[in-house]
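The file query-v9.tsv contains TSV, N, CA and C atoms:
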chain	number	residue	atom	x	y	z
H	168	MET	N	-5.30	97.71	64.01
H	168	MET	CA	-5.35	97.68	62.56
H	168	MET	C	-6.63	96.99	62.07
H	169	VAL	N	-7.01	95.91	62.72
H	169	VAL	CA	-8.22	95.19	62.31
H	169	VAL	C	-9.46	96.04	62.56
H	170	ALA	N	-9.47	96.81	63.64
H	170	ALA	CA	-10.63	97.65	63.94
H	170	ALA	C	-10.83	98.71	62.88
H	171	ARG	N	-9.75	99.21	62.30
H	171	ARG	CA	-9.88	100.19	61.22
H	171	ARG	C	-10.57	99.57	60.02
H	172	TRP	N	-10.18	98.36	59.68
H	172	TRP	CA	-10.77	97.71	58.52
H	172	TRP	C	-12.22	97.32	58.77
H	173	ILE	N	-12.57	97.04	60.01
H	173	ILE	CA	-13.98	96.75	60.33
H	173	ILE	C	-14.83	97.97	60.04
H	174	LEU	N	-14.34	99.15	60.41
H	174	LEU	CA	-15.06	100.39	60.13
H	174	LEU	C	-15.19	100.60	58.62
H	175	VAL	N	-14.09	100.44	57.90
H	175	VAL	CA	-14.10	100.67	56.46
H	175	VAL	C	-15.04	99.69	55.76
H	176	TRP	N	-14.92	98.41	56.10
H	176	TRP	CA	-15.78	97.41	55.46
H	176	TRP	C	-17.25	97.61	55.81
H	177	SER	N	-17.54	98.00	57.04
H	177	SER	CA	-18.94	98.21	57.41
H	177	SER	C	-19.54	99.40	56.67
H	178	LEU	N	-18.76	100.44	56.46
H	178	LEU	CA	-19.27	101.58	55.70
H	178	LEU	C	-19.40	101.26	54.22
H	179	TRP	N	-18.50	100.44	53.69
H	179	TRP	CA	-18.66	99.99	52.30
H	179	TRP	C	-19.92	99.15	52.16
H	180	LEU	N	-20.15	98.28	53.12
H	180	LEU	CA	-21.34	97.43	53.08
H	180	LEU	C	-22.61	98.27	53.19
H	181	SER	N	-22.60	99.25	54.07
H	181	SER	CA	-23.79	100.10	54.20
H	181	SER	C	-24.02	100.93	52.94
H	182	THR	N	-22.94	101.35	52.27
H	182	THR	CA	-23.09	102.06	51.00
H	182	THR	C	-23.67	101.15	49.93
H	183	ALA	N	-23.20	99.91	49.88
H	183	ALA	CA	-23.72	98.96	48.89
H	183	ALA	C	-25.19	98.65	49.15
H	184	VAL	N	-25.55	98.46	50.40
H	184	VAL	CA	-26.95	98.19	50.74
H	184	VAL	C	-27.81	99.42	50.43
H	185	GLY	N	-27.30	100.60	50.74
H	185	GLY	CA	-28.02	101.82	50.41
H	185	GLY	C	-28.21	101.99	48.91
H	186	ALA	N	-27.18	101.66	48.13
H	186	ALA	CA	-27.29	101.73	46.67
H	186	ALA	C	-28.32	100.74	46.16
H	187	TRP	N	-28.34	99.55	46.73
H	187	TRP	CA	-29.34	98.56	46.34
H	187	TRP	C	-30.75	99.05	46.66
H	188	LEU	N	-30.92	99.65	47.83
H	188	LEU	CA	-32.23	100.19	48.20
H	188	LEU	C	-32.66	101.31	47.26
H	189	VAL	N	-31.70	102.14	46.87
H	189	VAL	CA	-32.02	103.24	45.96
H	189	VAL	C	-32.46	102.71	44.61
H	190	ILE	N	-31.72	101.75	44.04
H	190	ILE	CA	-32.11	101.27	42.71
H	190	ILE	C	-33.37	100.43	42.77
H	191	THR	N	-33.73	99.94	43.96
H	191	THR	CA	-34.94	99.14	44.09
H	191	THR	C	-36.18	100.02	44.28
H	192	PHE	N	-36.08	101.05	45.10
H	192	PHE	CA	-37.28	101.79	45.51
H	192	PHE	C	-37.39	103.21	44.97
H	193	ILE	N	-36.33	103.78	44.46
H	193	ILE	CA	-36.36	105.17	43.98
H	193	ILE	C	-36.43	105.16	42.45
H	194	PRO	N	-37.24	106.04	41.86
H	194	PRO	CA	-37.27	106.11	40.39
H	194	PRO	C	-35.88	106.43	39.82
H	195	ASP	N	-35.60	105.91	38.64
H	195	ASP	CA	-34.26	106.04	38.06
H	195	ASP	C	-33.83	107.48	37.83
H	196	ASP	N	-34.77	108.38	37.58
H	196	ASP	CA	-34.38	109.77	37.32
H	196	ASP	C	-33.96	110.51	38.58
H	197	HIS	N	-34.20	109.96	39.76
H	197	HIS	CA	-33.78	110.59	41.02
H	197	HIS	C	-32.70	109.81	41.75
H	198	SER	N	-32.27	108.70	41.21
H	198	SER	CA	-31.34	107.86	41.95
H	198	SER	C	-29.96	108.49	42.09
H	199	LEU	N	-29.50	109.26	41.12
H	199	LEU	CA	-28.18	109.87	41.23
H	199	LEU	C	-28.12	110.90	42.36
H	200	GLU	N	-29.22	111.55	42.63
H	200	GLU	CA	-29.28	112.47	43.77
H	200	GLU	C	-29.07	111.72	45.08
H	201	TRP	N	-29.67	110.56	45.19
H	201	TRP	CA	-29.52	109.75	46.39
H	201	TRP	C	-28.12	109.18	46.51
H	202	PHE	N	-27.48	108.89	45.37
H	202	PHE	CA	-26.10	108.39	45.41
H	202	PHE	C	-25.17	109.43	46.02
H	203	GLY	N	-25.40	110.69	45.70
H	203	GLY	CA	-24.61	111.76	46.31
H	203	GLY	C	-24.81	111.82	47.82
H	204	ALA	N	-26.05	111.61	48.23
H	204	ALA	CA	-26.33	111.61	49.67
H	204	ALA	C	-25.67	110.42	50.36
H	205	LEU	N	-25.65	109.27	49.69
H	205	LEU	CA	-24.98	108.10	50.27
H	205	LEU	C	-23.48	108.32	50.42
H	206	LEU	N	-22.86	108.92	49.41
H	206	LEU	CA	-21.43	109.20	49.49
H	206	LEU	C	-21.12	110.20	50.59
H	207	ALA	N	-21.92	111.23	50.70
H	207	ALA	CA	-21.73	112.22	51.77
H	207	ALA	C	-21.94	111.60	53.14
H	208	GLY	N	-22.91	110.70	53.24
H	208	GLY	CA	-23.15	110.04	54.52
H	208	GLY	C	-22.01	109.13	54.93
H	209	ALA	N	-21.40	108.45	53.97
H	209	ALA	CA	-20.27	107.58	54.29
H	209	ALA	C	-19.07	108.39	54.78
H	210	VAL	N	-18.79	109.49	54.11
H	210	VAL	CA	-17.67	110.34	54.53
H	210	VAL	C	-17.96	110.99	55.88
H	211	ALA	N	-19.18	111.43	56.09
H	211	ALA	CA	-19.54	112.04	57.37
H	211	ALA	C	-19.49	111.02	58.50
H	212	SER	N	-19.79	109.78	58.21
H	212	SER	CA	-19.75	108.73	59.24
H	212	SER	C	-18.34	108.50	59.74
H	213	VAL	N	-17.37	108.52	58.83
H	213	VAL	CA	-15.97	108.38	59.25
H	213	VAL	C	-15.59	109.52	60.17
H	214	ALA	N	-15.95	110.73	59.78
H	214	ALA	CA	-15.63	111.89	60.62
H	214	ALA	C	-16.32	111.80	61.97
H	215	LEU	N	-17.56	111.33	61.99
H	215	LEU	CA	-18.29	111.21	63.25
H	215	LEU	C	-17.66	110.16	64.17
H	216	VAL	N	-17.26	109.04	63.60
H	216	VAL	CA	-16.63	108.00	64.42
H	216	VAL	C	-15.34	108.52	65.03
H	217	HIS	N	-14.54	109.24	64.27
H	217	HIS	CA	-13.30	109.77	64.82
H	217	HIS	C	-13.54	110.90	65.81
H	218	LEU	N	-14.62	111.61	65.63
H	218	LEU	CA	-14.96	112.66	66.59
H	218	LEU	C	-15.36	112.04	67.93
H	219	VAL	N	-16.12	110.95	67.87
H	219	VAL	CA	-16.54	110.28	69.10
H	219	VAL	C	-15.36	109.60	69.78
H	220	LYS	N	-14.50	108.95	68.98
H	220	LYS	CA	-13.34	108.27	69.55
H	220	LYS	C	-12.30	109.24	70.09
H	221	ALA	N	-12.26	110.45	69.54
H	221	ALA	CA	-11.30	111.48	69.92
H	221	ALA	C	-9.87	110.99	69.72
H	222	ARG	N	-9.66	110.22	68.66
H	222	ARG	CA	-8.32	109.75	68.30
H	222	ARG	C	-8.07	110.08	66.83
H	223	PRO	N	-7.10	110.93	66.56
H	223	PRO	CA	-6.88	111.32	65.16
H	223	PRO	C	-6.06	110.32	64.34
H	224	GLU	N	-5.51	109.28	64.96
H	224	GLU	CA	-4.65	108.35	64.24
H	224	GLU	C	-5.43	107.64	63.14
H	225	GLY	N	-4.92	107.73	61.93
H	225	GLY	CA	-5.50	107.01	60.82
H	225	GLY	C	-6.73	107.64	60.22
H	226	PHE	N	-7.05	108.84	60.63
H	226	PHE	CA	-8.28	109.47	60.14
H	226	PHE	C	-8.26	109.69	58.63
H	227	VAL	N	-7.18	110.25	58.13
H	227	VAL	CA	-7.10	110.56	56.70
H	227	VAL	C	-7.09	109.27	55.88
H	228	ARG	N	-6.37	108.26	56.34
H	228	ARG	CA	-6.32	106.99	55.62
H	228	ARG	C	-7.71	106.36	55.54
H	229	GLU	N	-8.42	106.31	56.66
H	229	GLU	CA	-9.77	105.74	56.66
H	229	GLU	C	-10.72	106.59	55.82
H	230	LEU	N	-10.57	107.89	55.87
H	230	LEU	CA	-11.42	108.77	55.07
H	230	LEU	C	-11.21	108.52	53.58
H	231	VAL	N	-9.96	108.35	53.16
H	231	VAL	CA	-9.67	108.09	51.76
H	231	VAL	C	-10.18	106.72	51.35
H	232	TYR	N	-9.98	105.71	52.19
H	232	TYR	CA	-10.46	104.36	51.86
H	232	TYR	C	-11.97	104.32	51.74
H	233	VAL	N	-12.67	104.91	52.69
H	233	VAL	CA	-14.14	104.88	52.67
H	233	VAL	C	-14.67	105.70	51.50
H	234	ALA	N	-14.13	106.89	51.30
H	234	ALA	CA	-14.60	107.72	50.19
H	234	ALA	C	-14.31	107.07	48.85
H	235	GLY	N	-13.11	106.53	48.68
H	235	GLY	CA	-12.77	105.89	47.41
H	235	GLY	C	-13.57	104.64	47.14
H	236	GLY	N	-13.73	103.81	48.15
H	236	GLY	CA	-14.51	102.59	47.98
H	236	GLY	C	-15.99	102.87	47.74
H	237	SER	N	-16.52	103.83	48.47
H	237	SER	CA	-17.93	104.19	48.29
H	237	SER	C	-18.15	104.79	46.91
H	238	TYR	N	-17.20	105.62	46.47
H	238	TYR	CA	-17.31	106.19	45.14
H	238	TYR	C	-17.28	105.10	44.08
H	239	LEU	N	-16.42	104.11	44.26
H	239	LEU	CA	-16.34	103.00	43.31
H	239	LEU	C	-17.64	102.19	43.29
H	240	ILE	N	-18.20	101.91	44.45
H	240	ILE	CA	-19.47	101.18	44.53
H	240	ILE	C	-20.58	101.95	43.83
H	241	LEU	N	-20.66	103.25	44.09
H	241	LEU	CA	-21.72	104.06	43.49
H	241	LEU	C	-21.49	104.28	41.99
H	242	ALA	N	-20.24	104.33	41.56
H	242	ALA	CA	-19.96	104.45	40.12
H	242	ALA	C	-20.38	103.18	39.39
H	243	ALA	N	-20.08	102.03	39.97
H	243	ALA	CA	-20.50	100.77	39.36
H	243	ALA	C	-22.02	100.67	39.32
H	244	THR	N	-22.68	101.12	40.36
H	244	THR	CA	-24.14	101.11	40.38
H	244	THR	C	-24.71	102.09	39.35
H	245	SER	N	-24.06	103.22	39.16
H	245	SER	CA	-24.50	104.18	38.13
H	245	SER	C	-24.34	103.59	36.74
H	246	VAL	N	-23.26	102.86	36.50
H	246	VAL	CA	-23.08	102.20	35.21
H	246	VAL	C	-24.17	101.17	35.00
H	247	PHE	N	-24.52	100.44	36.06
H	247	PHE	CA	-25.62	99.48	35.96
H	247	PHE	C	-26.93	100.17	35.57
H	248	LEU	N	-27.22	101.30	36.22
H	248	LEU	CA	-28.43	102.04	35.89
H	248	LEU	C	-28.41	102.56	34.46
H	249	PHE	N	-27.23	102.98	33.99
H	249	PHE	CA	-27.11	103.47	32.63
H	249	PHE	C	-27.36	102.33	31.62
H	250	ILE	N	-26.80	101.16	31.88
H	250	ILE	CA	-26.99	100.03	30.99
H	250	ILE	C	-28.44	99.54	31.03
H	251	LYS	N	-29.03	99.55	32.23
H	251	LYS	CA	-30.41	99.12	32.39
H	251	LYS	C	-31.37	100.01	31.60
H	252	GLY	N	-31.00	101.28	31.51
H	252	GLY	CA	-31.79	102.20	30.70
H	252	GLY	C	-32.91	102.74	31.44
Could you rewrite the structure in this file as structure tokens?
Amino acid sequence: MVARWILVWSLWLSTAVGAWLVITFIPDDHSLEWFGALLAGAVASVALVHLVKARPEGFVRELVYVAGGSYLILAATSVFLFIKG
């Protein structure tokens, strides 16, 4: 159970760091495109980890947690960019 949360938290952290890098180095008019790539990368990472482990237990739960958390992180970052102007 703890190993599942380590995967979820690490992907949330990588999404947050990626969002920070995007708002720091990418022009604001292209940042939403990169947010989509970050979300797709987080979801693909969960699938890749389960493909390598070859264990289907908990795949859907981890996929939902990572996708939902990453979406929330990127939505909050998008609101920040909107307020920043």
Who sits within 9 Å of H:Leu174, only C-alpha atoms, same chain under 4 positions skipped, as an mmCIF file with N, CA and C atoms, in the frame of the given file:
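Below is the file out.cif, written as the result:
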data_model
loop_
_atom_site.group_PDB
_atom_site.id
_atom_site.type_symbol
_atom_site.label_atom_id
_atom_site.label_comp_id
_atom_site.auth_asym_id
_atom_site.auth_seq_id
_atom_site.Cartn_x
_atom_site.Cartn_y
_atom_site.Cartn_z
ATOM 1 N N VAL H 169 -7.010 95.910 62.720
ATOM 2 C CA VAL H 169 -8.220 95.190 62.310
ATOM 3 C C VAL H 169 -9.460 96.040 62.560
ATOM 4 N N ALA H 170 -9.470 96.810 63.640
ATOM 5 C CA ALA H 170 -10.630 97.650 63.940
ATOM 6 C C ALA H 170 -10.830 98.710 62.880
ATOM 7 N N LEU H 178 -18.760 100.440 56.460
ATOM 8 C CA LEU H 178 -19.270 101.580 55.700
ATOM 9 C C LEU H 178 -19.400 101.260 54.220
ATOM 10 N N TRP H 179 -18.500 100.440 53.690
ATOM 11 C CA TRP H 179 -18.660 99.990 52.300
ATOM 12 C C TRP H 179 -19.920 99.150 52.160
ATOM 13 N N VAL H 213 -17.370 108.520 58.830
ATOM 14 C CA VAL H 213 -15.970 108.380 59.250
ATOM 15 C C VAL H 213 -15.590 109.520 60.170
ATOM 16 N N VAL H 216 -17.260 109.040 63.600
ATOM 17 C CA VAL H 216 -16.630 108.000 64.420
ATOM 18 C C VAL H 216 -15.340 108.520 65.030
ATOM 19 N N GLU H 229 -8.420 106.310 56.660
ATOM 20 C CA GLU H 229 -9.770 105.740 56.660
ATOM 21 C C GLU H 229 -10.720 106.590 55.820
ATOM 22 N N VAL H 233 -12.670 104.910 52.690
ATOM 23 C CA VAL H 233 -14.140 104.880 52.670
ATOM 24 C C VAL H 233 -14.670 105.700 51.500
#
Please write out, as JSON, where the centre of an axis-aligned box around all listed atoms of stretch 215-230 of chain H lies and how long its edges are, in Å to one decimal, after adding 3 Å on each side.
{"center_x": -11.5, "center_y": 109.2, "center_z": 61.8, "size_x": 19.6, "size_y": 12.9, "size_z": 22.5}
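We find atom C of H:Val189 and atom C of H:Ile250 to be spaced 14.5 Å apart.
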Practice task
Using all atoms listed in the file, pick whichever of H:Leu230, H:Val219, H:Leu205, H:Gly225 has the shortest atom-to-atom distance to H:Ser181.
Solution key: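 Checking each of H:Leu230, H:Val219, H:Leu205, H:Gly225 against H:Ser181, counting all atoms listed in the file, the winner is H:Leu205.
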Practice task
Work out how far apart atom N of H:His197 and atom C of H:Val175 are and give it in Å to one decimal.
Solution key: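 Between these atoms lies a distance of 27.0 Å.
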Problem - Point-to-point distance from atom CA of H:Ala183 to atom CA of H:Leu241, Å rounded to tenths - result: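 Atom CA of H:Leu241 lies 7.7 Å from atom CA of H:Ala183.
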Handout entry: Counting only N, CA and C atoms, the option among H:Val231, H:Trp172, H:Tyr238, H:Trp201 closest to H:Gly185
Key = H:Trp201
Exercise for the section: DSSP on the backbone, then: every residue of stretch 190-233 of chain H marked alpha helix (DSSP H), written as a count of residues only. Expected result: 34
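Among the candidates H:Ala204, H:Ser177, H:Ala186, H:Val210, the one nearest to H:Ala234 when counting all atoms listed in the file is H:Val210.
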